[in-house]
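J.: Mind having a look at this structure? Questions to follow.
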Amino acid sequence: MNWGFGEVLWFRRATGALADQLRTRAAGQTRTLQAWLEQRLEEAVWFGGNDFGWADAAAAPMVNRSVHYGLGPELGTPLARWHARVRERPSVAATFAEFDVAAAEMAAASDLYTSGGRRREYRDHRLEWMVKSGGIEVVLAGLRDGNIRFPWPEG
């Protein structure tokens, strides 16, 4: 969902009504995923209980990217409190800072990806998201314009 939102936001793969539709779908899907995460977290400090662990490390960048897009968990919820705690960990804070730097440069990379100067790879989960969210036109246009590709070995 974050990836699809980024395709619209950063790379302008869709505009107008299609962009609105894809953003809406990403937001709804993100809320569903966050509800699923909240069920697993409940009132625990970390996903594994009392200690920061692999589940927290895996969820942190995904939740943070949603927060960056304005699709973060509702304030005061267990997931929002978890995000506040996780971003205070030095290693996580450093990773989030690296994302902020990269995010600031993504808009500048947009022309490279939409002009065909570099082709964006639509792997299985990316292709699935775009199609099931109503963006088949994005895929077809990318194939026509030569600015998306599929994984190696290519056809």
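Identifiers for the structure tokens are assigned positionally: chains receive A, B, ... in sequence, residues are indexed from 1 per chain, and ligands are indexed from 1 in the order shown.
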List as a PyMOL selection string the protein and nucleic acid residues near Phe150 (chain A), meaning an atom at most 12 Å away when only C-alpha atoms are counted, but skip any in the same chain fewer than 2 places from it.
T.: chain A and resi 119-127+139+142-143+146-148+152-155
J.: Any chance you can output those residues with C-alpha atoms as a PDB file, in the first residue's frame?
T.:
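Ended up saving to part_36.pdb:
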```
ATOM      1  CA  ARG A 119      12.462   1.549 -15.557  1.00  0.00           C
ATOM      2  CA  ARG A 120      10.598   0.747 -12.350  1.00  0.00           C
ATOM      3  CA  GLU A 121      10.346  -2.961 -11.584  1.00  0.00           C
ATOM      4  CA  TYR A 122       6.812  -4.210 -10.976  1.00  0.00           C
ATOM      5  CA  ARG A 123       7.387  -7.429  -9.048  1.00  0.00           C
ATOM      6  CA  ASP A 124       4.551  -9.747  -8.114  1.00  0.00           C
ATOM      7  CA  HIS A 125       3.241  -7.867  -5.070  1.00  0.00           C
ATOM      8  CA  ARG A 126       3.567  -4.489  -6.783  1.00  0.00           C
ATOM      9  CA  LEU A 127       1.713  -5.663  -9.865  1.00  0.00           C
ATOM     10  CA  VAL A 139       0.551  -0.886 -15.771  1.00  0.00           C
ATOM     11  CA  GLY A 142       4.069   1.873 -18.193  1.00  0.00           C
ATOM     12  CA  LEU A 143       4.523  -1.073 -20.549  1.00  0.00           C
ATOM     13  CA  GLY A 146       8.722   1.573 -21.499  1.00  0.00           C
ATOM     14  CA  ASN A 147       9.065   2.941 -17.966  1.00  0.00           C
ATOM     15  CA  ILE A 148       8.145  -0.197 -16.019  1.00  0.00           C
ATOM     16  CA  TRP A 152      14.581 -10.938 -14.753  1.00  0.00           C
ATOM     17  CA  PRO A 153      14.552 -12.847 -16.975  1.00  0.00           C
ATOM     18  CA  GLU A 154      12.513 -10.511 -19.101  1.00  0.00           C
ATOM     19  CA  GLY A 155      10.295 -11.822 -21.908  1.00  0.00           C
TER      20      GLY A 155
END
```
J.: When you look at Asp145 (chain A) with a cut-off of 12 Å (counting only C-alpha atoms), what residues show up, excluding the ones that are within fewer than 5 positions of it in the same chain? I need them as a list in words.
T.: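 Contacts, in chain order: Arg13, Tyr113, Thr114, Ser115, Gly116, Gly117, Arg118, Arg119, Arg120, Glu137, Val138, Val139 and Leu140 of chain A.
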J.: Using only C-alpha atoms, pick whichever of A:Lys132, A:Arg85, A:Arg149, A:Arg144 has the shortest atom-to-atom distance to Leu22 (chain A).
T.: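 The closest residue to Leu22 (chain A) is A:Lys132.
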J.: Determine the nearest neighbour of Phe99 (chain A) from the options A:Ala84, A:Met62, A:Leu112, A:Val131, counting only C-alpha atoms.
T.: A:Met62
J.: Tell me, in Å to one decimal, how far CA of Ala55 (chain A) is from CA of Phe5 (chain A).
T.: 23.3 Å
J.: Could you tell me which of A:Trp36, A:Trp3, A:Phe11, A:Trp46 comes closest to Val86 (chain A) if we count only C-alpha atoms?
T.: A:Trp46
